[in-house]
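Engineer: CSV, C-alpha atoms, saved as target.csv, coming up:
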```csv
chain,number,residue,atom,x,y,z
A,1,MET,CA,-14.3,-7.2,16.2
A,2,LYS,CA,-13.6,-6.2,19.9
A,3,LEU,CA,-9.8,-5.8,19.4
A,4,LEU,CA,-10.4,-3.1,16.7
A,5,GLU,CA,-13.2,-1.4,18.6
A,6,GLU,CA,-11.0,-1.1,21.7
A,7,ARG,CA,-8.2,0.3,19.6
A,8,ILE,CA,-10.4,2.9,18.0
A,9,ARG,CA,-11.7,4.0,21.5
A,10,LYS,CA,-8.1,4.1,22.8
A,11,ASP,CA,-6.3,5.8,19.9
A,12,GLY,CA,-9.0,7.3,17.6
A,13,ILE,CA,-9.3,11.0,17.5
A,14,LEU,CA,-12.7,12.7,16.9
A,15,ALA,CA,-13.1,16.0,15.2
A,16,GLU,CA,-15.9,18.2,13.9
A,17,GLY,CA,-17.5,17.2,10.7
A,18,ASN,CA,-17.8,13.5,11.6
A,19,VAL,CA,-14.0,13.1,11.3
A,20,LEU,CA,-12.5,10.0,12.9
A,21,LYS,CA,-8.8,10.0,12.7
A,22,VAL,CA,-7.1,6.6,13.0
A,23,ASP,CA,-3.8,7.5,11.4
A,24,CYS,CA,-1.8,6.3,14.3
A,25,PHE,CA,-2.5,2.6,13.6
A,26,LEU,CA,-4.5,2.3,10.3
A,27,ASN,CA,-3.8,4.7,7.5
A,28,HIS,CA,-0.5,6.5,8.0
A,29,LEU,CA,1.4,4.6,10.7
A,30,MET,CA,0.2,1.0,10.3
A,31,ASP,CA,0.1,-1.6,13.1
A,32,VAL,CA,0.8,-4.7,11.1
A,33,ALA,CA,0.2,-7.0,14.1
A,34,LEU,CA,-3.3,-5.6,14.3
A,35,PHE,CA,-3.6,-6.0,10.5
A,36,HIS,CA,-2.8,-9.7,10.8
A,37,GLU,CA,-5.6,-10.1,13.4
A,38,MET,CA,-8.0,-8.3,11.0
A,39,GLY,CA,-6.8,-10.5,8.1
A,40,MET,CA,-7.6,-13.6,10.1
A,41,GLU,CA,-11.0,-12.2,10.9
A,42,PHE,CA,-11.8,-11.6,7.2
A,43,LYS,CA,-10.6,-15.1,6.5
A,44,ARG,CA,-13.1,-16.4,9.1
A,45,LEU,CA,-16.0,-14.3,7.8
A,46,PHE,CA,-15.5,-15.3,4.2
A,47,ALA,CA,-14.3,-18.9,4.8
A,48,ASP,CA,-17.0,-20.4,2.6
A,49,LYS,CA,-16.3,-18.2,-0.5
A,50,PRO,CA,-14.1,-19.4,-3.4
A,51,ILE,CA,-11.9,-16.2,-3.2
A,52,ASN,CA,-8.8,-16.3,-5.6
A,53,LYS,CA,-8.0,-12.6,-5.6
A,54,ILE,CA,-8.2,-9.5,-3.4
A,55,LEU,CA,-8.8,-6.1,-4.9
A,56,THR,CA,-8.1,-2.8,-3.1
A,57,ILE,CA,-7.5,0.8,-4.0
A,58,GLU,CA,-4.4,2.8,-3.4
A,59,ALA,CA,-3.0,3.9,-1.1
A,60,SER,CA,-4.3,3.2,2.4
A,61,GLY,CA,-6.1,-0.1,1.5
A,62,ILE,CA,-2.9,-1.8,0.3
A,63,GLY,CA,-1.4,-2.6,3.6
A,64,ILE,CA,-4.5,-4.4,5.1
A,65,ALA,CA,-5.2,-6.0,1.7
A,66,CYS,CA,-1.7,-7.5,1.5
A,67,ILE,CA,-1.7,-8.9,5.0
A,68,ALA,CA,-5.2,-10.3,4.6
A,69,ALA,CA,-4.1,-11.9,1.3
A,70,GLU,CA,-1.4,-13.9,3.2
A,71,CYS,CA,-4.3,-15.4,5.2
A,72,PHE,CA,-6.2,-16.2,2.1
A,73,HIS,CA,-3.1,-17.4,0.1
A,74,VAL,CA,-4.1,-15.2,-2.9
A,75,PRO,CA,-2.6,-12.3,-4.7
A,76,VAL,CA,-3.7,-8.6,-4.3
A,77,LEU,CA,-4.6,-6.3,-7.2
A,78,PHE,CA,-4.6,-2.6,-6.3
A,79,ALA,CA,-6.6,-0.1,-8.4
A,80,LYS,CA,-4.6,3.0,-9.3
A,81,LYS,CA,-5.8,6.5,-9.0
A,82,SER,CA,-5.0,9.1,-11.6
A,83,GLN,CA,-6.2,12.5,-12.4
A,84,SER,CA,-5.1,12.5,-16.0
A,85,ILE,CA,-4.5,9.1,-17.5
A,86,ASN,CA,-4.2,8.0,-21.1
A,87,LEU,CA,-7.0,5.6,-21.2
A,88,SER,CA,-5.7,3.1,-23.6
A,89,GLY,CA,-7.8,0.0,-24.2
A,90,GLU,CA,-5.7,-1.9,-21.7
A,91,VAL,CA,-7.5,-0.9,-18.5
A,92,TYR,CA,-10.9,-1.1,-16.9
A,93,ALA,CA,-11.6,2.4,-15.7
A,94,THR,CA,-14.1,4.1,-13.5
A,95,LYS,CA,-14.5,7.5,-11.8
A,96,VAL,CA,-14.5,8.0,-8.1
A,97,GLN,CA,-15.4,11.1,-6.2
A,98,SER,CA,-13.1,11.8,-3.2
A,99,PHE,CA,-14.8,13.9,-0.6
A,100,THR,CA,-11.6,14.1,1.4
A,101,HIS,CA,-9.6,15.5,-1.5
A,102,LYS,CA,-12.5,17.2,-3.3
A,103,ARG,CA,-11.6,15.7,-6.6
A,104,VAL,CA,-12.7,13.1,-9.1
A,105,TYR,CA,-10.2,10.4,-9.9
A,106,ASP,CA,-9.9,8.0,-12.7
A,107,VAL,CA,-9.4,4.6,-11.1
A,108,VAL,CA,-8.0,1.9,-13.2
A,109,VAL,CA,-6.9,-1.8,-13.2
A,110,SER,CA,-5.1,-3.6,-16.0
A,111,LYS,CA,-7.3,-5.9,-18.0
A,112,LYS,CA,-4.4,-8.4,-17.9
A,113,PHE,CA,-4.9,-9.1,-14.2
A,114,ILE,CA,-8.7,-9.6,-13.8
A,115,GLY,CA,-11.2,-11.6,-15.8
A,116,PRO,CA,-14.2,-13.9,-15.7
A,117,GLU,CA,-12.3,-16.6,-13.9
A,118,ASP,CA,-11.8,-14.3,-10.8
A,119,HIS,CA,-13.7,-14.5,-7.5
A,120,VAL,CA,-12.8,-11.3,-5.8
A,121,LEU,CA,-12.8,-10.1,-2.2
A,122,ILE,CA,-12.7,-6.3,-2.1
A,123,ILE,CA,-10.9,-4.9,0.9
A,124,ASP,CA,-10.5,-1.3,2.1
A,125,ASP,CA,-9.7,0.5,5.3
A,126,PHE,CA,-12.7,2.8,5.5
A,127,LEU,CA,-16.3,2.9,4.3
A,128,ALA,CA,-18.4,6.1,4.5
A,129,ASN,CA,-20.4,7.2,1.5
A,130,GLY,CA,-19.2,4.2,-0.5
A,131,CYS,CA,-18.1,6.0,-3.7
A,132,ALA,CA,-14.7,4.2,-3.9
A,133,LEU,CA,-16.3,0.8,-3.2
A,134,GLN,CA,-19.0,1.4,-5.9
A,135,GLY,CA,-16.2,2.1,-8.3
A,136,LEU,CA,-14.3,-1.1,-7.4
A,137,ILE,CA,-17.5,-3.2,-7.7
A,138,GLN,CA,-18.0,-1.7,-11.2
A,139,LEU,CA,-14.4,-2.6,-12.2
A,140,VAL,CA,-14.9,-6.2,-11.1
A,141,ARG,CA,-18.1,-6.5,-13.0
A,142,ASP,CA,-16.7,-4.8,-16.2
A,143,ALA,CA,-14.1,-7.5,-16.1
A,144,GLY,CA,-16.7,-10.2,-16.0
A,145,ALA,CA,-15.5,-11.3,-12.5
A,146,THR,CA,-17.5,-12.1,-9.4
A,147,VAL,CA,-17.6,-9.9,-6.3
A,148,GLU,CA,-17.6,-12.6,-3.5
A,149,GLY,CA,-17.6,-10.1,-0.7
A,150,ILE,CA,-16.3,-6.9,0.7
A,151,GLY,CA,-14.2,-6.6,3.9
A,152,ILE,CA,-13.9,-3.2,5.6
A,153,CYS,CA,-11.9,-2.2,8.7
A,154,ILE,CA,-14.0,0.7,9.9
A,155,GLU,CA,-17.5,1.7,8.6
A,156,LYS,CA,-19.2,4.9,9.4
A,157,GLY,CA,-22.6,3.4,10.0
A,158,PHE,CA,-24.3,6.8,10.1
A,159,GLN,CA,-23.4,7.4,6.4
A,160,GLU,CA,-25.2,5.7,3.6
A,161,GLY,CA,-22.5,3.6,1.9
A,162,GLY,CA,-22.9,0.4,4.0
A,163,LYS,CA,-26.7,0.3,3.6
A,164,LEU,CA,-26.6,1.0,-0.2
A,165,ILE,CA,-24.1,-1.9,-0.7
A,166,ARG,CA,-25.9,-4.4,1.6
A,167,ASP,CA,-29.1,-3.6,-0.2
A,168,THR,CA,-27.6,-5.0,-3.4
A,169,GLY,CA,-27.1,-8.4,-1.7
A,170,ILE,CA,-23.3,-8.3,-1.6
A,171,GLN,CA,-21.8,-9.8,1.6
A,172,LEU,CA,-20.3,-6.7,3.3
A,173,GLU,CA,-18.4,-7.3,6.5
A,174,SER,CA,-17.1,-4.3,8.5
A,175,LEU,CA,-14.9,-5.2,11.5
A,176,ALA,CA,-16.1,-2.1,13.4
A,177,ILE,CA,-19.2,0.0,12.6
A,178,VAL,CA,-19.3,3.4,14.3
A,179,GLU,CA,-23.0,4.1,14.9
A,180,ARG,CA,-22.4,7.5,16.3
A,181,MET,CA,-19.6,9.6,17.7
A,182,ASP,CA,-19.5,12.9,19.6
A,183,PRO,CA,-16.3,15.0,19.3
A,184,THR,CA,-17.3,17.1,22.4
A,185,THR,CA,-17.5,14.2,24.8
A,186,GLY,CA,-15.3,11.8,22.9
A,187,GLU,CA,-18.0,9.1,23.0
A,188,ILE,CA,-18.0,6.5,20.3
A,189,VAL,CA,-20.9,4.0,20.0
A,190,PHE,CA,-20.4,0.8,17.9
A,191,ARG,CA,-23.1,-1.2,16.2
A,192,GLU,CA,-23.7,-4.6,17.9
A,193,GLN,CA,-22.7,-7.3,15.4
B,1,MET,CA,18.0,-13.2,-4.3
B,2,LYS,CA,17.7,-16.1,-6.8
B,3,LEU,CA,14.0,-16.5,-6.4
B,4,LEU,CA,13.3,-12.8,-7.3
B,5,GLU,CA,15.9,-12.9,-10.2
B,6,GLU,CA,14.2,-16.0,-11.6
B,7,ARG,CA,10.8,-14.4,-11.3
B,8,ILE,CA,12.0,-11.2,-13.1
B,9,ARG,CA,13.4,-13.4,-15.9
B,10,LYS,CA,10.2,-15.4,-16.2
B,11,ASP,CA,7.6,-12.6,-15.9
B,12,GLY,CA,9.4,-9.3,-16.4
B,13,ILE,CA,8.7,-7.4,-19.6
B,14,LEU,CA,11.4,-5.3,-21.2
B,15,ALA,CA,10.6,-2.3,-23.3
B,16,GLU,CA,12.4,0.6,-25.0
B,17,GLY,CA,13.7,3.3,-22.8
B,18,ASN,CA,15.1,1.0,-20.1
B,19,VAL,CA,11.6,0.0,-19.0
B,20,LEU,CA,11.3,-3.2,-16.9
B,21,LYS,CA,7.6,-4.0,-16.3
B,22,VAL,CA,7.0,-6.2,-13.3
B,23,ASP,CA,3.4,-5.2,-12.7
B,24,CYS,CA,2.3,-8.9,-12.8
B,25,PHE,CA,3.9,-9.7,-9.4
B,26,LEU,CA,5.3,-6.6,-7.8
B,27,ASN,CA,3.6,-3.3,-8.3
B,28,HIS,CA,0.0,-3.8,-9.6
B,29,LEU,CA,-0.8,-7.4,-9.1
B,30,MET,CA,1.1,-8.3,-6.0
B,31,ASP,CA,2.3,-11.9,-5.2
B,32,VAL,CA,2.3,-11.8,-1.4
B,33,ALA,CA,3.9,-15.2,-1.0
B,34,LEU,CA,6.9,-13.8,-2.9
B,35,PHE,CA,6.7,-10.6,-0.7
B,36,HIS,CA,7.0,-12.8,2.4
B,37,GLU,CA,10.2,-14.4,1.1
B,38,MET,CA,11.5,-11.0,0.3
B,39,GLY,CA,10.6,-9.8,3.8
B,40,MET,CA,12.4,-12.7,5.3
B,41,GLU,CA,15.5,-11.9,3.2
B,42,PHE,CA,15.4,-8.2,4.4
B,43,LYS,CA,15.2,-9.5,8.0
B,44,ARG,CA,18.3,-11.6,7.4
B,45,LEU,CA,20.2,-8.8,5.7
B,46,PHE,CA,19.4,-6.3,8.5
B,47,ALA,CA,19.4,-8.7,11.4
B,48,ASP,CA,22.1,-6.8,13.4
B,49,LYS,CA,20.3,-3.4,13.1
B,50,PRO,CA,18.0,-2.1,15.9
B,51,ILE,CA,15.1,-1.3,13.6
B,52,ASN,CA,11.9,-0.2,15.2
B,53,LYS,CA,10.1,1.3,12.3
B,54,ILE,CA,9.8,0.8,8.5
B,55,LEU,CA,9.3,3.8,6.3
B,56,THR,CA,8.0,3.6,2.7
B,57,ILE,CA,6.2,5.8,0.2
B,58,GLU,CA,2.8,5.3,-1.4
B,59,ALA,CA,1.7,3.5,-3.3
B,60,SER,CA,3.6,0.5,-4.6
B,61,GLY,CA,6.0,0.4,-1.6
B,62,ILE,CA,3.3,-0.2,0.9
B,63,GLY,CA,2.7,-3.9,0.2
B,64,ILE,CA,6.2,-5.1,0.5
B,65,ALA,CA,6.8,-2.8,3.5
B,66,CYS,CA,3.9,-4.2,5.4
B,67,ILE,CA,4.8,-7.8,4.8
B,68,ALA,CA,8.4,-7.2,5.7
B,69,ALA,CA,7.3,-5.4,8.8
B,70,GLU,CA,5.6,-8.6,10.0
B,71,CYS,CA,9.1,-10.2,9.8
B,72,PHE,CA,10.6,-7.4,11.8
B,73,HIS,CA,7.6,-7.0,14.3
B,74,VAL,CA,7.6,-3.3,13.8
B,75,PRO,CA,5.0,-0.8,12.4
B,76,VAL,CA,5.1,0.8,9.0
B,77,LEU,CA,4.9,4.5,8.3
B,78,PHE,CA,4.1,5.5,4.7
B,79,ALA,CA,5.0,8.9,3.3
B,80,LYS,CA,2.1,10.5,1.4
B,81,LYS,CA,2.4,12.1,-2.0
B,82,SER,CA,0.5,15.3,-2.7
B,83,GLN,CA,0.6,17.9,-5.4
B,84,SER,CA,-1.1,20.6,-3.4
B,85,ILE,CA,-1.0,20.2,0.3
B,86,ASN,CA,-1.6,22.6,3.1
B,87,LEU,CA,1.8,22.4,4.7
B,88,SER,CA,0.9,23.0,8.3
B,89,GLY,CA,3.6,22.7,10.9
B,90,GLU,CA,2.5,19.2,11.6
B,91,VAL,CA,4.4,17.3,8.9
B,92,TYR,CA,8.0,16.8,7.7
B,93,ALA,CA,7.9,17.5,4.0
B,94,THR,CA,10.2,17.2,1.0
B,95,LYS,CA,9.9,17.3,-2.8
B,96,VAL,CA,10.3,14.3,-5.0
B,97,GLN,CA,10.6,14.4,-8.8
B,98,SER,CA,8.8,11.5,-10.5
B,99,PHE,CA,10.2,10.8,-13.9
B,100,THR,CA,7.5,8.3,-14.6
B,101,HIS,CA,4.8,10.8,-14.0
B,102,LYS,CA,6.8,13.9,-15.0
B,103,ARG,CA,5.7,15.8,-11.9
B,104,VAL,CA,7.1,17.1,-8.6
B,105,TYR,CA,5.3,15.8,-5.6
B,106,ASP,CA,5.3,17.1,-2.1
B,107,VAL,CA,6.0,14.0,0.1
B,108,VAL,CA,5.0,14.2,3.8
B,109,VAL,CA,5.0,12.3,7.0
B,110,SER,CA,3.3,13.4,10.2
B,111,LYS,CA,5.7,14.7,12.9
B,112,LYS,CA,3.6,12.6,15.4
B,113,PHE,CA,4.9,9.3,14.0
B,114,ILE,CA,8.7,9.7,13.7
B,115,GLY,CA,11.3,11.2,16.0
B,116,PRO,CA,14.8,11.0,17.4
B,117,GLU,CA,13.9,7.6,19.1
B,118,ASP,CA,13.4,5.9,15.8
B,119,HIS,CA,15.7,3.6,14.0
B,120,VAL,CA,14.3,3.3,10.5
B,121,LEU,CA,14.5,0.8,7.7
B,122,ILE,CA,13.4,2.4,4.4
B,123,ILE,CA,11.8,-0.1,2.0
B,124,ASP,CA,10.7,0.5,-1.6
B,125,ASP,CA,9.9,-1.7,-4.6
B,126,PHE,CA,12.2,0.0,-7.1
B,127,LEU,CA,15.4,2.1,-7.2
B,128,ALA,CA,16.5,3.8,-10.4
B,129,ASN,CA,17.7,7.4,-10.1
B,130,GLY,CA,17.0,7.4,-6.3
B,131,CYS,CA,15.0,10.7,-6.1
B,132,ALA,CA,12.3,9.1,-4.0
B,133,LEU,CA,14.8,7.5,-1.6
B,134,GLN,CA,16.8,10.7,-1.2
B,135,GLY,CA,13.5,12.4,-0.2
B,136,LEU,CA,12.7,9.7,2.4
B,137,ILE,CA,16.3,9.9,3.8
B,138,GLN,CA,15.8,13.6,4.2
B,139,LEU,CA,12.5,13.1,6.0
B,140,VAL,CA,14.1,10.7,8.5
B,141,ARG,CA,16.9,13.1,9.2
B,142,ASP,CA,14.6,16.1,9.5
B,143,ALA,CA,12.9,14.1,12.2
B,144,GLY,CA,16.2,13.5,14.0
B,145,ALA,CA,15.7,9.7,13.5
B,146,THR,CA,18.4,7.3,12.2
B,147,VAL,CA,18.4,5.6,8.8
B,148,GLU,CA,19.6,2.1,9.7
B,149,GLY,CA,19.4,0.8,6.2
B,150,ILE,CA,17.5,0.7,2.9
B,151,GLY,CA,15.9,-2.4,1.4
B,152,ILE,CA,14.9,-2.4,-2.3
B,153,CYS,CA,13.3,-5.2,-4.3
B,154,ILE,CA,14.7,-4.3,-7.8
B,155,GLU,CA,17.5,-1.9,-8.5
B,156,LYS,CA,18.4,-0.7,-12.0
B,157,GLY,CA,22.1,-0.9,-11.5
B,158,PHE,CA,22.8,1.0,-14.7
B,159,GLN,CA,21.2,4.1,-13.2
B,160,GLU,CA,23.0,6.2,-10.6
B,161,GLY,CA,20.7,6.0,-7.6
B,162,GLY,CA,22.3,3.0,-6.0
B,163,LYS,CA,25.8,4.3,-6.3
B,164,LEU,CA,24.9,7.7,-4.9
B,165,ILE,CA,23.3,6.3,-1.8
B,166,ARG,CA,26.0,3.6,-1.1
B,167,ASP,CA,28.6,6.4,-1.4
B,168,THR,CA,27.0,8.1,1.6
B,169,GLY,CA,27.7,5.0,3.7
B,170,ILE,CA,24.1,3.9,4.2
B,171,GLN,CA,23.6,0.1,4.1
B,172,LEU,CA,21.6,-0.4,0.9
B,173,GLU,CA,20.5,-3.9,0.0
B,174,SER,CA,18.7,-4.6,-3.3
B,175,LEU,CA,17.4,-8.1,-3.7
B,176,ALA,CA,17.9,-8.0,-7.4
B,177,ILE,CA,20.2,-5.6,-9.3
B,178,VAL,CA,19.7,-5.4,-13.0
B,179,GLU,CA,23.1,-4.7,-14.5
B,180,ARG,CA,21.9,-4.5,-18.1
B,181,MET,CA,18.9,-5.5,-20.1
B,182,ASP,CA,18.1,-5.7,-23.8
B,183,PRO,CA,14.6,-5.3,-25.0
B,184,THR,CA,15.4,-6.7,-28.5
B,185,THR,CA,16.8,-10.0,-27.2
B,186,GLY,CA,15.0,-10.1,-23.9
B,187,GLU,CA,18.3,-10.7,-22.1
B,188,ILE,CA,18.6,-9.5,-18.5
B,189,VAL,CA,21.9,-9.6,-16.7
B,190,PHE,CA,22.0,-9.4,-12.9
B,191,ARG,CA,24.9,-8.1,-10.8
B,192,GLU,CA,26.6,-10.9,-8.8
B,193,GLN,CA,25.9,-10.4,-5.1
```
Using the file provided, produce a representation of the structure as C-alpha cells.
Structural biologist:
Amino acid sequence: MKLLEERIRKDGILAEGNVLKVDCFLNHLMDVALFHEMGMEFKRLFADKPINKILTIEASGIGIACIAAECFHVPVLFAKKSQSINLSGEVYATKVQSFTHKRVYDVVVSKKFIGPEDHVLIIDDFLANGCALQGLIQLVRDAGATVEGIGICIEKGFQEGGKLIRDTGIQLESLAIVERMDPTTGEIVFREQ
Amino acid sequence: MKLLEERIRKDGILAEGNVLKVDCFLNHLMDVALFHEMGMEFKRLFADKPINKILTIEASGIGIACIAAECFHVPVLFAKKSQSINLSGEVYATKVQSFTHKRVYDVVVSKKFIGPEDHVLIIDDFLANGCALQGLIQLVRDAGATVEGIGICIEKGFQEGGKLIRDTGIQLESLAIVERMDPTTGEIVFREQ
C-alpha cells in the first residue's frame, strides 16, 4: 500500500537492533484517517471472505481493528494480556512471548464471544517473529472458529513470522513489508507486492 | 444517550459489589456501529470546543477513542500502562491505582506527542472513582496542554469520580450515568440528563 509505505519513509525512525519506530502515526499517536484508508484496503483484500468478526490483541492492535471493523460492518473482539490471571473455565487461553517486553503473557478471550459459527479476520499493527499471531490463531482454533485471514499493517519481512504463517496456507496480507532497512543510511526497502 | 441506556439494560450484567459487566458490546467484544453513534454524540456535545487531539488510556478506551476521533478528524494519543518502566526524560508519567487489578500502574505518554499547542478531549469507556481520569488530566497539564473536556461512555453515578471532576469545572459528559443498580432484581436506574 503506497500510502503507508510513503508514510513509513517519511515518519518512521530506524534504530539499531532492527527497530522501526512508527509511534508517531501507528502505535502511540494514531492517525485515524490513515487507519481508515488501511481498513478500506483490508476490506478490498478480503472482499471474498465471509468475515463476521475481527480479532486483535491489546493494546496497539485495537485502533486499527476497530476502524477496519467499520469497513467490514462486524464487531471486534480483543484478546487480553495478563501476567497472572485466574484461568477459570470461561476463557480460551494461550501464552505469548513478548520480545519487546521480555515476558511471557497469558492471552485470553472469553468463550462467550467466539465459537464455531465465527469466521475471523485477525488484525494487528505489526508482524515480526509472529508469536502473538500464532497465539491468536490458536485461540480461534480452540474455539472451533475459522481463521479467514490475517491483516497486518507493517511486516518485518526479514524476520520469520510472515513466512511461517503463509506456509500454513492462511491468507496473510501485510500492507507494507519491510524487506531491509539500514539505520546508518536511513534506507528502507519494501517488498514489491 | 437513549441508545446506550437501552443497550445497557438489554445486555449489561449486574453482579455483587457494584459490578456492571458490559463486555459483550463495550470492553471485550466491541460493537463498532454503537461506537460510531457514541462518537457522533461526543462530537455534538463538544462541538464548540477547539479539540485537536483525543487522549485515552489502554486498553479498552482505545476503540471508542479511535472511532470518535474519526468524527472529530483528529488523531488519538493513548497513554500506556506499565508496571516497571524505565522512566527516561522522554515521557510524561503519572501513577494510577487500578481497583479492578489491585495494582498501581505507571501511565506514560511520549513528550513528543503532546504539548502547549494541544486542546485535548479525554475519552474513556468507564468512570467510577476517577483515578485513571485524574492521571490523564495530570499528564495533559504536565505537557502544558489544555483539557477541553472529557467524554465517558458509562459513568457509575453512585461513585465519586464524576462529582470530583465536575467540581473542578471541566466539562465532563457521560453518555449513560448509572444512578443505582440492583443485582438481585436486575433493575438499573439512569440519571436524567
Engineer: If we count only C-alpha atoms, which residues of chain B reach to within 10 Å of chain A? Please list them as a ChimeraX atom specification.
Structural biologist: /B:23-36,53-55,57-70,73-81,85,109-110,112-114
Engineer: Up to 10 Å from (-14.8, -8.8, 14.7) in the file's coordinates: name the residues, counting all atoms listed in the file, as number ranges by chain.
Structural biologist: A: 1-5, 37-38, 40-42, 44-45, 153, 173-176, 193
Engineer: Would you kindly return, as a list in words, each protein, DNA or RNA residue with an atom no farther than 8 Å from any atom of Tyr92 (chain B), considering only C-alpha atoms and excluding same-chain residues fewer than 6 positions away?
Structural biologist: Val108, Val109, Ser110, Lys111, Leu139, Asp142 and Ala143 of chain B
Engineer: Residues as selected, C-alpha atoms, written as a compact mmCIF listing (two decimals), in the frame of the given file, can you do that?
Structural biologist:
```txt
# COMPACT_ATOMS: atom_id res chain seq x y z
CA VAL B 108 5.00 14.20 3.80
CA VAL B 109 5.00 12.30 7.00
CA SER B 110 3.30 13.40 10.20
CA LYS B 111 5.70 14.70 12.90
CA LEU B 139 12.50 13.10 6.00
CA ASP B 142 14.60 16.10 9.50
CA ALA B 143 12.90 14.10 12.20
```
Engineer: So what do you get for CA of Gly144 (chain B) versus CA of Ser98 (chain B), distance-wise?
Structural biologist: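 So the answer is 25.7 Å.
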Engineer: Could you give me, as a list in words, the residues within 8 Å of Cys131 (chain B), counting all atoms listed in the file and dropping anything in the same chain fewer than 6 positions from it?
Structural biologist: Val96, Gln97, Ser98 and Gly161 of chain B
Engineer: Record the distance separating CA of Leu172 (chain B) and CA of Arg141 (chain B), expressed in Å with one decimal.
Structural biologist: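 We find that CA of Leu172 (chain B) and CA of Arg141 (chain B) lie 16.5 Å from each other.
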Engineer: So that I can check the surroundings of Val22 (chain A), please list as a VMD selection string every protein, DNA and RNA residue that reaches within 9 Å of it, counting only C-alpha atoms and ignoring chain neighbours fewer than 6 positions away.
Structural biologist: chain A and resid 8 11 to 13 28
Engineer: Can you tell me how far CA of Ala15 (chain B) sits from CA of Asp106 (chain A), in Å to one decimal?
Structural biologist: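 According to the coordinates, CA of Ala15 (chain B) and CA of Asp106 (chain A) are separated by 25.3 Å.
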Engineer: Can you list, as a ChimeraX atom specification, every protein, DNA or RNA residue that comes within 8 Å of Glu148 (chain B) when you count only C-alpha atoms, leaving out same-chain residues fewer than 5 positions away?
Structural biologist: /B:49-51,119-121,170-171
Engineer: Which residues are near region 155-159 of chain B? Cut-off 8 Å, all atoms listed in the file, ignore same chain within fewer than 3 positions. Put them as a list in words.
Structural biologist: Phe126, Leu127, Ala128, Asn129, Ile152, Gly162, Ser174, Leu175, Ala176, Ile177, Val178, Glu179, Arg180 and Arg191 of chain B
Engineer: Where atoms are absent from region 93-104 of chain A, fill them in so it carries N, CA and C atoms, then output it as a tab-separated table (two decimals), in the coordinates of the input.
Structural biologist:
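Output below, filename selection_23.tsv:
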```tsv
chain	number	residue	atom	x	y	z
A	93	ALA	N	-11.69	1.11	-16.33
A	93	ALA	CA	-11.60	2.40	-15.70
A	93	ALA	C	-12.96	2.83	-15.13
A	94	THR	N	-12.93	3.55	-14.05
A	94	THR	CA	-14.10	4.10	-13.50
A	94	THR	C	-13.76	5.46	-12.86
A	95	LYS	N	-14.75	6.23	-12.51
A	95	LYS	CA	-14.50	7.50	-11.80
A	95	LYS	C	-14.96	7.42	-10.39
A	96	VAL	N	-14.15	7.97	-9.49
A	96	VAL	CA	-14.50	8.00	-8.10
A	96	VAL	C	-14.36	9.38	-7.52
A	97	GLN	N	-15.40	9.80	-6.85
A	97	GLN	CA	-15.40	11.10	-6.20
A	97	GLN	C	-14.76	10.97	-4.82
A	98	SER	N	-13.72	11.75	-4.56
A	98	SER	CA	-13.10	11.80	-3.20
A	98	SER	C	-13.63	13.02	-2.49
A	99	PHE	N	-14.34	12.79	-1.38
A	99	PHE	CA	-14.80	13.90	-0.60
A	99	PHE	C	-13.66	14.53	0.22
A	100	THR	N	-12.76	13.66	0.67
A	100	THR	CA	-11.60	14.10	1.40
A	100	THR	C	-10.78	15.11	0.62
A	101	HIS	N	-10.53	14.72	-0.64
A	101	HIS	CA	-9.60	15.50	-1.50
A	101	HIS	C	-10.37	16.42	-2.45
A	102	LYS	N	-11.72	16.35	-2.42
A	102	LYS	CA	-12.50	17.20	-3.30
A	102	LYS	C	-12.12	17.14	-4.74
A	103	ARG	N	-12.02	15.91	-5.23
A	103	ARG	CA	-11.60	15.70	-6.60
A	103	ARG	C	-12.30	14.47	-7.16
A	104	VAL	N	-12.32	14.37	-8.47
A	104	VAL	CA	-12.70	13.10	-9.10
A	104	VAL	C	-11.51	12.46	-9.69
```
